[in-house]
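Engineer: Have a peek at structure_23.pdb (PDB, C-alpha atoms and all ligand atoms).
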MODEL        1
ATOM      1  CA  MET A   3      17.396  32.085   7.351
ATOM      2  CA  SER A   4      15.458  28.838   7.807
ATOM      3  CA  GLU A   5      14.461  26.861   4.723
ATOM      4  CA  ILE A   6      12.459  29.064   2.278
ATOM      5  CA  LYS A   7       8.839  27.801   2.461
ATOM      6  CA  LEU A   8       6.618  28.790  -0.482
ATOM      7  CA  THR A   9       2.891  28.804   0.256
ATOM      8  CA  THR A  10       0.574  26.836  -2.046
ATOM      9  CA  GLU A  11      -1.039  30.157  -2.974
ATOM     10  CA  PHE A  12       2.352  31.543  -4.098
ATOM     11  CA  ILE A  13       3.236  28.315  -5.947
ATOM     12  CA  ASN A  14      -0.087  28.464  -7.822
ATOM     13  CA  LYS A  15       0.537  32.124  -8.605
ATOM     14  CA  LEU A  16       3.994  31.238  -9.992
ATOM     15  CA  SER A  17       2.595  28.451 -12.167
ATOM     16  CA  GLU A  18      -0.210  30.598 -13.667
ATOM     17  CA  SER A  19       1.788  33.851 -14.139
ATOM     18  CA  GLU A  20       3.603  35.225 -17.203
ATOM     19  CA  LYS A  21       4.313  38.880 -16.434
ATOM     20  CA  ILE A  22       6.823  39.378 -13.584
ATOM     21  CA  VAL A  23       8.229  42.686 -12.291
ATOM     22  CA  PHE A  24      11.197  43.006  -9.919
ATOM     23  CA  PHE A  25      11.180  46.420  -8.165
ATOM     24  CA  THR A  26      14.584  46.773  -6.503
ATOM     25  CA  GLY A  27      16.480  49.067  -4.143
ATOM     26  CA  ALA A  28      19.899  49.265  -2.529
ATOM     27  CA  GLY A  29      19.288  46.084  -0.511
ATOM     28  CA  ILE A  30      19.781  43.836  -3.557
ATOM     29  CA  SER A  31      23.299  45.231  -4.024
ATOM     30  CA  ALA A  32      24.247  45.016  -0.322
ATOM     31  CA  GLU A  33      25.647  41.487  -0.735
ATOM     32  CA  SER A  34      27.830  42.839  -3.572
ATOM     33  CA  GLY A  35      29.514  45.106  -1.005
ATOM     34  CA  ILE A  36      27.690  48.317  -1.994
ATOM     35  CA  PRO A  37      26.495  50.137   1.141
ATOM     36  CA  THR A  38      22.758  50.852   1.320
ATOM     37  CA  PHE A  39      21.381  54.294   2.188
ATOM     38  CA  ARG A  40      19.509  53.774   5.406
ATOM     39  CA  GLY A  41      21.008  50.474   6.694
ATOM     40  CA  LYS A  42      23.212  50.441   9.855
ATOM     41  CA  ASP A  43      26.358  51.397   7.820
ATOM     42  CA  GLY A  44      24.150  53.227   5.330
ATOM     43  CA  ILE A  45      25.417  56.149   3.251
ATOM     44  CA  TRP A  46      22.815  58.514   4.689
ATOM     45  CA  ASN A  47      24.043  57.940   8.256
ATOM     46  CA  LYS A  48      27.192  59.870   7.498
ATOM     47  CA  LEU A  49      25.982  62.305   4.815
ATOM     48  CA  LYS A  50      22.606  64.001   4.401
ATOM     49  CA  PRO A  51      21.016  63.380   0.975
ATOM     50  CA  GLU A  52      20.005  66.999   0.679
ATOM     51  CA  GLU A  53      23.687  67.961   1.194
ATOM     52  CA  LEU A  54      24.937  65.967  -1.749
ATOM     53  CA  ALA A  55      22.258  64.383  -3.958
ATOM     54  CA  ASN A  56      20.727  67.648  -5.161
ATOM     55  CA  PHE A  57      21.413  70.191  -7.902
ATOM     56  CA  ASN A  58      22.033  73.218  -5.669
ATOM     57  CA  ALA A  59      24.669  71.285  -3.715
ATOM     58  CA  PHE A  60      26.315  70.480  -7.056
ATOM     59  CA  LEU A  61      26.322  74.131  -8.144
ATOM     60  CA  ARG A  62      27.580  75.201  -4.696
ATOM     61  CA  ASN A  63      30.420  72.658  -4.616
ATOM     62  CA  PRO A  64      30.708  70.437  -7.725
ATOM     63  CA  GLN A  65      34.136  69.169  -6.555
ATOM     64  CA  MET A  66      32.668  67.702  -3.352
ATOM     65  CA  VAL A  67      29.690  66.112  -5.128
ATOM     66  CA  TRP A  68      32.022  64.567  -7.770
ATOM     67  CA  GLU A  69      34.337  63.215  -5.065
ATOM     68  CA  TRP A  70      31.349  61.468  -3.554
ATOM     69  CA  TYR A  71      30.151  59.942  -6.873
ATOM     70  CA  ASN A  72      33.674  58.897  -7.862
ATOM     71  CA  HIS A  73      34.013  57.241  -4.441
ATOM     72  CA  ARG A  74      30.767  55.308  -5.081
ATOM     73  CA  LYS A  75      31.783  54.545  -8.689
ATOM     74  CA  LYS A  76      35.044  53.005  -7.427
ATOM     75  CA  ILE A  77      33.118  50.724  -5.018
ATOM     76  CA  ILE A  78      30.691  49.770  -7.816
ATOM     77  CA  HIS A  79      33.529  48.959 -10.256
ATOM     78  CA  GLU A  80      35.177  46.753  -7.626
ATOM     79  CA  SER A  81      31.913  44.874  -7.054
ATOM     80  CA  LYS A  82      30.041  42.313  -9.097
ATOM     81  CA  PRO A  83      26.419  41.138  -9.361
ATOM     82  CA  ASN A  84      25.441  38.694  -6.594
ATOM     83  CA  ALA A  85      23.198  35.602  -6.563
ATOM     84  CA  GLY A  86      20.137  37.862  -6.179
ATOM     85  CA  HIS A  87      20.833  39.832  -9.370
ATOM     86  CA  ILE A  88      21.688  36.604 -11.212
ATOM     87  CA  ALA A  89      18.513  34.810 -10.069
ATOM     88  CA  ILE A  90      16.408  37.724 -11.382
ATOM     89  CA  ALA A  91      18.140  37.497 -14.772
ATOM     90  CA  GLU A  92      17.488  33.721 -14.851
ATOM     91  CA  PHE A  93      13.748  34.241 -14.314
ATOM     92  CA  GLU A  94      13.704  35.334 -17.977
ATOM     93  CA  LYS A  95      14.148  31.641 -18.945
ATOM     94  CA  TYR A  96      10.917  30.627 -17.195
ATOM     95  CA  PHE A  97       8.539  33.570 -17.787
ATOM     96  CA  ASP A  98       7.595  35.361 -21.027
ATOM     97  CA  ASP A  99       7.831  38.873 -19.646
ATOM     98  CA  VAL A 100      10.311  39.773 -16.882
ATOM     99  CA  THR A 101      10.903  43.481 -16.136
ATOM    100  CA  VAL A 102      13.391  45.022 -13.706
ATOM    101  CA  VAL A 103      12.408  48.429 -12.272
ATOM    102  CA  THR A 104      15.329  49.682 -10.186
ATOM    103  CA  GLN A 105      16.148  52.668  -8.011
ATOM    104  CA  ASN A 106      19.822  51.653  -8.125
ATOM    105  CA  ILE A 107      22.326  53.581 -10.231
ATOM    106  CA  ASP A 108      24.951  50.779  -9.983
ATOM    107  CA  ASN A 109      24.337  48.993 -13.321
ATOM    108  CA  LEU A 110      24.499  45.566 -11.594
ATOM    109  CA  HIS A 111      21.229  44.243 -13.044
ATOM    110  CA  ARG A 112      22.589  44.883 -16.536
ATOM    111  CA  ARG A 113      25.911  43.217 -15.642
ATOM    112  CA  ALA A 114      23.933  40.219 -14.275
ATOM    113  CA  GLY A 115      22.336  39.769 -17.711
ATOM    114  CA  SER A 116      18.826  41.159 -17.211
ATOM    115  CA  ASN A 117      17.489  42.411 -20.545
ATOM    116  CA  LYS A 118      14.517  44.650 -19.722
ATOM    117  CA  ILE A 119      15.599  47.240 -17.121
ATOM    118  CA  TYR A 120      14.014  50.593 -16.242
ATOM    119  CA  GLU A 121      16.336  52.881 -14.265
ATOM    120  CA  LEU A 122      14.140  55.292 -12.275
ATOM    121  CA  HIS A 123      17.045  57.210 -10.724
ATOM    122  CA  GLY A 124      19.585  57.121 -13.564
ATOM    123  CA  ASN A 125      22.925  55.364 -13.960
ATOM    124  CA  ILE A 126      26.339  56.319 -12.515
ATOM    125  CA  GLU A 127      28.081  55.222 -15.759
ATOM    126  CA  ARG A 128      26.494  58.082 -17.744
ATOM    127  CA  ASN A 129      27.246  61.819 -17.543
ATOM    128  CA  TYR A 130      25.966  64.921 -19.322
ATOM    129  CA  CYS A 131      26.538  68.671 -19.629
ATOM    130  CA  ILE A 132      24.153  70.769 -17.541
ATOM    131  CA  ASN A 133      24.164  73.458 -20.290
ATOM    132  CA  CYS A 134      23.803  71.644 -23.632
ATOM    133  CA  ARG A 135      22.962  68.071 -22.330
ATOM    134  CA  THR A 136      25.770  66.521 -24.415
ATOM    135  CA  PHE A 137      26.429  63.045 -22.943
ATOM    136  CA  TYR A 138      29.935  61.925 -21.895
ATOM    137  CA  ASN A 139      29.864  58.207 -21.064
ATOM    138  CA  GLU A 140      33.577  57.553 -21.327
ATOM    139  CA  GLU A 141      35.899  57.845 -18.321
ATOM    140  CA  LEU A 142      36.042  61.554 -17.385
ATOM    141  CA  ASN A 143      39.378  63.218 -16.692
ATOM    142  CA  PHE A 144      39.567  65.089 -13.372
ATOM    143  CA  SER A 145      43.196  66.245 -13.803
ATOM    144  CA  GLU A 146      41.988  69.840 -14.343
ATOM    145  CA  GLY A 147      39.354  69.666 -11.577
ATOM    146  CA  VAL A 148      35.641  69.224 -12.319
ATOM    147  CA  PRO A 149      35.186  68.044 -15.936
ATOM    148  CA  LYS A 150      33.816  70.654 -18.339
ATOM    149  CA  CYS A 151      31.910  70.255 -21.626
ATOM    150  CA  LYS A 152      33.287  71.671 -24.893
ATOM    151  CA  CYS A 153      30.627  74.400 -24.415
ATOM    152  CA  GLY A 154      32.176  75.217 -21.053
ATOM    153  CA  GLY A 155      29.264  73.780 -19.081
ATOM    154  CA  LEU A 156      29.740  71.619 -15.979
ATOM    155  CA  ILE A 157      29.378  67.848 -16.544
ATOM    156  CA  ARG A 158      27.239  65.999 -13.981
ATOM    157  CA  PRO A 159      26.446  62.305 -13.374
ATOM    158  CA  ASP A 160      23.195  61.156 -15.079
ATOM    159  CA  VAL A 161      21.466  60.362 -11.787
ATOM    160  CA  VAL A 162      18.198  61.828 -10.425
ATOM    161  CA  TRP A 163      18.763  64.117  -7.479
ATOM    162  CA  PHE A 164      16.168  64.983  -4.807
ATOM    163  CA  GLY A 165      13.722  67.603  -6.085
ATOM    164  CA  GLU A 166      14.369  66.511  -9.685
ATOM    165  CA  PHE A 167      11.836  64.819 -11.900
ATOM    166  CA  LEU A 168      12.416  61.167 -12.833
ATOM    167  CA  PRO A 169      13.049  60.329 -16.534
ATOM    168  CA  ALA A 170       9.451  60.349 -17.867
ATOM    169  CA  ASP A 171       9.997  57.430 -20.285
ATOM    170  CA  GLN A 172      11.389  55.187 -17.528
ATOM    171  CA  LEU A 173       8.635  56.131 -15.047
ATOM    172  CA  GLU A 174       5.793  55.674 -17.558
ATOM    173  CA  ALA A 175       7.133  52.296 -18.726
ATOM    174  CA  SER A 176       7.538  51.230 -15.064
ATOM    175  CA  GLU A 177       3.965  52.240 -14.233
ATOM    176  CA  LYS A 178       2.681  50.246 -17.232
ATOM    177  CA  ALA A 179       4.757  47.194 -16.234
ATOM    178  CA  ALA A 180       3.462  47.456 -12.633
ATOM    179  CA  ILE A 181      -0.194  47.654 -13.775
ATOM    180  CA  ASN A 182       0.194  44.696 -16.204
ATOM    181  CA  SER A 183       2.200  42.526 -13.819
ATOM    182  CA  ASP A 184       0.882  39.202 -12.446
ATOM    183  CA  ILE A 185       3.553  39.145  -9.720
ATOM    184  CA  PHE A 186       5.328  42.282  -8.415
ATOM    185  CA  PHE A 187       8.475  41.521  -6.366
ATOM    186  CA  VAL A 188       9.635  44.284  -3.974
ATOM    187  CA  VAL A 189      13.297  43.504  -3.268
ATOM    188  CA  GLY A 190      15.674  45.293  -0.892
ATOM    189  CA  THR A 191      13.964  48.657  -0.655
ATOM    190  CA  SER A 192      12.724  50.681   2.338
ATOM    191  CA  ALA A 193      10.105  52.109  -0.078
ATOM    192  CA  VAL A 194      10.268  55.647   1.353
ATOM    193  CA  VAL A 195      11.461  57.568  -1.716
ATOM    194  CA  TYR A 196       8.742  58.847  -4.096
ATOM    195  CA  PRO A 197       7.438  58.609  -6.746
ATOM    196  CA  ALA A 198       9.349  55.260  -7.011
ATOM    197  CA  ALA A 199       7.707  53.701  -3.912
ATOM    198  CA  GLY A 200       4.285  54.613  -5.313
ATOM    199  CA  LEU A 201       4.716  51.826  -7.894
ATOM    200  CA  VAL A 202       4.088  49.179  -5.223
ATOM    201  CA  TYR A 203       0.644  50.667  -4.528
ATOM    202  CA  THR A 204      -0.021  51.031  -8.264
ATOM    203  CA  ALA A 205       0.691  47.308  -8.761
ATOM    204  CA  LYS A 206      -1.439  46.375  -5.728
ATOM    205  CA  ARG A 207      -4.385  48.449  -6.941
ATOM    206  CA  ALA A 208      -4.090  46.743 -10.344
ATOM    207  CA  GLY A 209      -4.479  43.332  -8.633
ATOM    208  CA  SER A 210      -0.856  42.209  -8.895
ATOM    209  CA  TYR A 211       0.456  39.668  -6.339
ATOM    210  CA  ILE A 212       2.974  41.537  -4.133
ATOM    211  CA  VAL A 213       5.994  39.522  -2.965
ATOM    212  CA  GLU A 214       8.364  41.321  -0.590
ATOM    213  CA  VAL A 215      11.985  40.222  -0.075
ATOM    214  CA  ASN A 216      13.787  42.153   2.663
ATOM    215  CA  ILE A 217      15.878  41.436   5.754
ATOM    216  CA  GLU A 218      13.311  43.378   7.802
ATOM    217  CA  GLU A 219       9.792  44.838   7.736
ATOM    218  CA  THR A 220       9.254  47.946   5.591
ATOM    219  CA  GLU A 221       6.600  50.548   4.744
ATOM    220  CA  VAL A 222       5.002  48.098   2.271
ATOM    221  CA  SER A 223       5.034  44.901   4.371
ATOM    222  CA  SER A 224       1.400  45.579   5.265
ATOM    223  CA  ILE A 225       0.237  45.383   1.638
ATOM    224  CA  ALA A 226       2.456  42.451   0.581
ATOM    225  CA  ASP A 227       0.639  39.164  -0.203
ATOM    226  CA  ILE A 228       3.728  37.320   1.065
ATOM    227  CA  SER A 229       6.983  38.565   2.652
ATOM    228  CA  PHE A 230      10.265  36.650   2.791
ATOM    229  CA  PHE A 231      12.441  38.174   5.536
ATOM    230  CA  GLY A 232      15.917  37.195   4.491
ATOM    231  CA  GLU A 233      18.798  38.207   2.242
ATOM    232  CA  ALA A 234      17.855  38.654  -1.416
ATOM    233  CA  GLY A 235      20.954  36.677  -2.448
ATOM    234  CA  LYS A 236      19.535  33.623  -0.644
ATOM    235  CA  VAL A 237      15.766  34.083  -1.024
ATOM    236  CA  LEU A 238      15.635  34.760  -4.790
ATOM    237  CA  PRO A 239      17.764  31.704  -5.815
ATOM    238  CA  ALA A 240      15.575  29.549  -3.510
ATOM    239  CA  ILE A 241      12.382  30.823  -5.168
ATOM    240  CA  LEU A 242      14.010  30.206  -8.588
ATOM    241  CA  GLU A 243      14.726  26.577  -7.570
ATOM    242  CA  ASN A 244      11.006  26.157  -6.907
ATOM    243  CA  VAL A 245      10.195  27.738 -10.279
ATOM    244  CA  LYS A 246      12.565  25.300 -12.027
ATOM    245  CA  LYS A 247      10.762  22.354 -10.360
ATOM    246  CA  LEU A 248       7.375  23.868 -11.319
ATOM    247  CA  LYS A 249       8.237  24.658 -14.921
ATOM    248  CA  GLY A 250      10.449  21.601 -15.467
ATOM    249  CA  ASN A 251      14.144  22.380 -15.743
ATOM    250  CA  ILE A 252      14.284  24.014 -19.216
TER     251      ILE A 252
HETATM  252  C1  LIG B 301      10.676  64.385  -7.189
HETATM  253  C2  LIG B 301      19.827  58.657  -7.133
HETATM  254  C3  LIG B 301       9.275  65.913  -8.325
HETATM  255  C4  LIG B 301      20.958  59.488  -6.640
HETATM  256  C5  LIG B 301      18.003  58.818  -5.485
HETATM  257  C6  LIG B 301       5.967  62.392  -1.606
HETATM  258  C7  LIG B 301       6.017  62.208  -0.254
HETATM  259  C8  LIG B 301       7.207  62.575   0.460
HETATM  260  C9  LIG B 301       8.341  63.111  -0.195
HETATM  261  C10 LIG B 301       8.271  63.281  -1.536
HETATM  262  C11 LIG B 301       7.091  62.949  -2.237
HETATM  263  N1  LIG B 301       7.325  63.213  -3.535
HETATM  264  C12 LIG B 301       8.599  63.723  -3.680
HETATM  265  C13 LIG B 301       9.181  63.772  -2.468
HETATM  266  C14 LIG B 301      10.529  64.226  -2.224
HETATM  267  C15 LIG B 301      11.590  63.123  -2.455
HETATM  268  C16 LIG B 301      11.382  61.986  -1.494
HETATM  269  O1  LIG B 301      10.809  60.966  -1.820
HETATM  270  N2  LIG B 301      11.949  62.180  -0.287
HETATM  271  C17 LIG B 301      11.902  61.062   0.724
HETATM  272  C18 LIG B 301      13.266  61.013   1.386
HETATM  273  C19 LIG B 301      10.788  61.298   1.672
HETATM  274  N3  LIG B 301      11.525  62.639  -3.839
HETATM  275  C20 LIG B 301      12.227  63.340  -4.775
HETATM  276  O2  LIG B 301      12.860  64.346  -4.570
HETATM  277  C21 LIG B 301      12.166  62.759  -6.195
HETATM  278  N4  LIG B 301      11.884  63.786  -7.159
HETATM  279  O3  LIG B 301       9.789  64.108  -6.412
HETATM  280  O4  LIG B 301      10.565  65.297  -8.204
HETATM  281  C22 LIG B 301       9.405  67.157  -7.611
HETATM  282  C23 LIG B 301      10.145  68.132  -8.253
HETATM  283  C24 LIG B 301      10.202  69.390  -7.642
HETATM  284  C25 LIG B 301       9.625  69.607  -6.342
HETATM  285  C26 LIG B 301       8.924  68.559  -5.714
HETATM  286  C27 LIG B 301       8.825  67.319  -6.359
HETATM  287  C28 LIG B 301      13.554  62.180  -6.608
HETATM  288  C29 LIG B 301      13.968  61.072  -5.702
HETATM  289  C30 LIG B 301      15.217  60.380  -6.287
HETATM  290  C31 LIG B 301      16.457  60.767  -5.512
HETATM  291  N5  LIG B 301      17.610  59.994  -5.985
HETATM  292  N6  LIG B 301      19.056  58.117  -5.977
HETATM  293  C32 LIG B 301      21.970  58.693  -5.857
HETATM  294  O5  LIG B 301      21.797  57.459  -5.695
HETATM  295  O6  LIG B 301      22.951  59.327  -5.454
HETATM  296  S1  LIG B 301      17.077  58.150  -4.176
HETATM  297  C33 LIG B 301      18.100  56.881  -3.491
HETATM  298  O7  LIG B 301      17.635  56.700  -2.172
HETATM  299  C34 LIG B 301      17.966  55.512  -4.142
HETATM  300  O8  LIG B 301      17.890  55.580  -5.541
HETATM  301  C35 LIG B 301      16.690  54.968  -3.512
HETATM  302  O9  LIG B 301      15.564  55.430  -4.194
HETATM  303  C36 LIG B 301      16.711  55.625  -2.152
HETATM  304  C37 LIG B 301      17.227  54.659  -1.127
HETATM  305  O10 LIG B 301      16.178  53.761  -0.891
HETATM  306  P1  LIG B 301      16.507  52.163  -0.982
HETATM  307  O11 LIG B 301      17.120  51.863  -2.286
HETATM  308  O12 LIG B 301      15.263  51.481  -0.566
HETATM  309  O13 LIG B 301      17.697  51.979   0.100
HETATM  310  P2  LIG B 301      17.565  52.012   1.704
HETATM  311  O14 LIG B 301      18.955  51.999   2.214
HETATM  312  O15 LIG B 301      16.617  53.068   2.140
HETATM  313  O16 LIG B 301      16.864  50.606   2.060
HETATM  314  C38 LIG B 301      17.556  49.403   1.769
HETATM  315  C39 LIG B 301      16.573  48.316   2.124
HETATM  316  O17 LIG B 301      17.164  47.063   1.801
HETATM  317  C40 LIG B 301      16.202  48.282   3.610
HETATM  318  O18 LIG B 301      14.803  48.056   3.732
HETATM  319  C41 LIG B 301      17.009  47.072   4.145
HETATM  320  O19 LIG B 301      16.314  46.408   5.197
HETATM  321  C42 LIG B 301      17.059  46.179   2.908
HETATM  322  N7  LIG B 301      18.207  45.272   2.817
HETATM  323  C43 LIG B 301      19.488  45.509   3.224
HETATM  324  N8  LIG B 301      20.280  44.434   2.906
HETATM  325  C44 LIG B 301      19.470  43.522   2.270
HETATM  326  C45 LIG B 301      18.148  44.048   2.223
HETATM  327  N9  LIG B 301      17.106  43.387   1.667
HETATM  328  C46 LIG B 301      17.365  42.150   1.132
HETATM  329  N10 LIG B 301      18.623  41.574   1.123
HETATM  330  C47 LIG B 301      19.676  42.222   1.697
HETATM  331  N11 LIG B 301      20.880  41.629   1.691
HETATM  332 ZN    ZN B 302      27.775  71.531 -22.978
ENDMDL
END
Represent the structure from my file as structure tokens, please.
Ligand code: BV8
Ligand code: ZN
Structural biologist:
Amino acid sequence: MSEIKLTTEFINKLSESEKIVFFTGAGISAESGIPTFRGKDGIWNKLKPEELANFNAFLRNPQMVWEWYNHRKKIIHESKPNAGHIAIAEFEKYFDDVTVVTQNIDNLHRRAGSNKIYELHGNIERNYCINCRTFYNEELNFSEGVPKCKCGGLIRPDVVWFGEFLPADQLEASEKAAINSDIFFVVGTSAVVYPAAGLVYTAKRAGSYIVEVNIEETEVSSIADISFFGEAGKVLPAILENVKKLKGNI
């Protein structure tokens, strides 16, 4: 990726803005070694989302669905936040209000030190009983097969499956953050899964400045005010360097 060139318009926007939102997808965790969904070695190339990431599939074959989430959890535990996640956390030093709205269930924004995070699709570190909704966030024991709740109910990962509603509190807070944002970064997402992708249009309609960071064009490239086509782990630290110059190295 050639030298990151910021336009004067974007530099002015950075210097006059306070409220920043980072809307992220699997692409920001790619450089941490976590496969994306639709990329060339994406998860969905081998497995169909409707076969695994939905409630009926879980009821039909909870063992298989748990094998898949434990496989992903292992990869996530062996990975660490990359320069993209860390740059986003550092933005908090230079702007009053920095919000992360993520579709990722991998907890890497939290591990990178971001403080205000809305998880639209849940978090793989949390689990709950499908009967009584008791939460089990400690390591689950699979020695007797699929883990059961004390009430006998099946325990599932606290992630949002296709056909399931998003957590209302996270979605509402994300919509508010999008509407109030001065700059809305769209990082590493193909923006095809709804209602999450709708937030980009919500921010645009509210007059927010849309900055896309992706290795390739996406569904929202046409409405972005500026697009940086490169790896998030290189583009975001480069933008942060410019912010440091602008705001004087605090
Ligand atoms: C619902 C958690 C109400 C689980 C996930 C409107 C229109 C059409 C369809 C629908 C609609 N409304 C609802 C639907 C149905 C469905 C949907 O959107 N389907 C899509 C496929 C068309 N939505 C739902 O079912 C939602 N629920 O609507 O409930 C309802 C209720 C009853 C009946 C009807 C409606 C729930 C959706 C949530 C599903 N759960 N995840 C899990 O992870 O296991 S979605 C999951 O896939 C992720 O969370 C994420 O959202 C999505 C993957 O997208 P990305 O993260 O963007 O990843 P992807 O691989 O696609 O792209 C990566 C990008 O990064 C690429 O652009 C690539 O170029 C880029 N990249 C790669 N490397 C880098 C990079 N960029 C920068 N740097 C790099 N290094
Ligand atoms: Zn229970």
Engineer: Residues contacting ligand LIG 301 (chain B) - anything with an atom at most 8 Å away, using all atoms listed in the file - can you give me those as a PyMOL selection string?
Structural biologist: chain A and resi 26-33+37-41+44-46+51+54-55+71+104-107+122-124+161-168+189-198+215-220+231-235
Engineer: Export, as an mmCIF file, in the coordinates of the input, the selected residues with C-alpha atoms.
Structural biologist:
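The result, stored in out09.cif:
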data_model
loop_
_atom_site.group_PDB
_atom_site.id
_atom_site.type_symbol
_atom_site.label_atom_id
_atom_site.label_comp_id
_atom_site.auth_asym_id
_atom_site.auth_seq_id
_atom_site.Cartn_x
_atom_site.Cartn_y
_atom_site.Cartn_z
ATOM 1 C CA THR A 26 14.584 46.773 -6.503
ATOM 2 C CA GLY A 27 16.480 49.067 -4.143
ATOM 3 C CA ALA A 28 19.899 49.265 -2.529
ATOM 4 C CA GLY A 29 19.288 46.084 -0.511
ATOM 5 C CA ILE A 30 19.781 43.836 -3.557
ATOM 6 C CA SER A 31 23.299 45.231 -4.024
ATOM 7 C CA ALA A 32 24.247 45.016 -0.322
ATOM 8 C CA GLU A 33 25.647 41.487 -0.735
ATOM 9 C CA PRO A 37 26.495 50.137 1.141
ATOM 10 C CA THR A 38 22.758 50.852 1.320
ATOM 11 C CA PHE A 39 21.381 54.294 2.188
ATOM 12 C CA ARG A 40 19.509 53.774 5.406
ATOM 13 C CA GLY A 41 21.008 50.474 6.694
ATOM 14 C CA GLY A 44 24.150 53.227 5.330
ATOM 15 C CA ILE A 45 25.417 56.149 3.251
ATOM 16 C CA TRP A 46 22.815 58.514 4.689
ATOM 17 C CA PRO A 51 21.016 63.380 0.975
ATOM 18 C CA LEU A 54 24.937 65.967 -1.749
ATOM 19 C CA ALA A 55 22.258 64.383 -3.958
ATOM 20 C CA TYR A 71 30.151 59.942 -6.873
ATOM 21 C CA THR A 104 15.329 49.682 -10.186
ATOM 22 C CA GLN A 105 16.148 52.668 -8.011
ATOM 23 C CA ASN A 106 19.822 51.653 -8.125
ATOM 24 C CA ILE A 107 22.326 53.581 -10.231
ATOM 25 C CA LEU A 122 14.140 55.292 -12.275
ATOM 26 C CA HIS A 123 17.045 57.210 -10.724
ATOM 27 C CA GLY A 124 19.585 57.121 -13.564
ATOM 28 C CA VAL A 161 21.466 60.362 -11.787
ATOM 29 C CA VAL A 162 18.198 61.828 -10.425
ATOM 30 C CA TRP A 163 18.763 64.117 -7.479
ATOM 31 C CA PHE A 164 16.168 64.983 -4.807
ATOM 32 C CA GLY A 165 13.722 67.603 -6.085
ATOM 33 C CA GLU A 166 14.369 66.511 -9.685
ATOM 34 C CA PHE A 167 11.836 64.819 -11.900
ATOM 35 C CA LEU A 168 12.416 61.167 -12.833
ATOM 36 C CA VAL A 189 13.297 43.504 -3.268
ATOM 37 C CA GLY A 190 15.674 45.293 -0.892
ATOM 38 C CA THR A 191 13.964 48.657 -0.655
ATOM 39 C CA SER A 192 12.724 50.681 2.338
ATOM 40 C CA ALA A 193 10.105 52.109 -0.078
ATOM 41 C CA VAL A 194 10.268 55.647 1.353
ATOM 42 C CA VAL A 195 11.461 57.568 -1.716
ATOM 43 C CA TYR A 196 8.742 58.847 -4.096
ATOM 44 C CA PRO A 197 7.438 58.609 -6.746
ATOM 45 C CA ALA A 198 9.349 55.260 -7.011
ATOM 46 C CA VAL A 215 11.985 40.222 -0.075
ATOM 47 C CA ASN A 216 13.787 42.153 2.663
ATOM 48 C CA ILE A 217 15.878 41.436 5.754
ATOM 49 C CA GLU A 218 13.311 43.378 7.802
ATOM 50 C CA GLU A 219 9.792 44.838 7.736
ATOM 51 C CA THR A 220 9.254 47.946 5.591
ATOM 52 C CA PHE A 231 12.441 38.174 5.536
ATOM 53 C CA GLY A 232 15.917 37.195 4.491
ATOM 54 C CA GLU A 233 18.798 38.207 2.242
ATOM 55 C CA ALA A 234 17.855 38.654 -1.416
ATOM 56 C CA GLY A 235 20.954 36.677 -2.448
#
Engineer: Select the residues contacting ligand ZN 302 (chain B) at a distance of at most 12 Å, based on only C-alpha atoms and all ligand atoms, then format the selection as a ChimeraX atom specification.
Structural biologist: /A:129-138,149-158
Engineer: Selected by the PyMOL selection byres (((chain A and resi 9) around 12) and not hetatm) in the shown coordinates: which residues, as a ChimeraX atom specification?
Structural biologist: /A:6-8,10-16,213,227-230,241,244
Engineer: Enter the distance from CA of Asn56 in chain A to CA of Asp108 in chain A, in Å, rounded to one decimal.
Structural biologist: 18.0 Å
Engineer: Please evaluate the PyMOL selection byres (((chain A and resi 175-182) around 7) and not hetatm) against the structure above and give the resulting residues as a PyMOL selection string.
Structural biologist: chain A and resi 23+103+120+171-174+183-184+186+201+204-205+208
Engineer: Using Å and a single decimal, report how far CA of Glu18 in chain A sits from CA of Leu238 in chain A.
Structural biologist: 18.6 Å
Engineer: Draw an axis-aligned box tight on the listed atoms of range 134-143 of chain A, then pad every side by 6 Å and write out centre and edge lengths in Å to one decimal as JSON.
Structural biologist:
{"center_x": 31.2, "center_y": 64.6, "center_z": -20.6, "size_x": 28.4, "size_y": 26.1, "size_z": 19.7}
Engineer: Which residue, A:Arg74, A:Lys50, A:His87, A:Lys21, has the smallest gap to Pro239 in chain A when you use all atoms listed in the file?
Structural biologist: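 When distances to Pro239 in chain A are compared using all atoms listed in the file, the smallest one comes from A:His87.
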Engineer: Measure the distance from CA of Ile126 in chain A to CA of Lys236 in chain A in Å and round it to one decimal.
Structural biologist: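 A separation of 26.5 Å between them.
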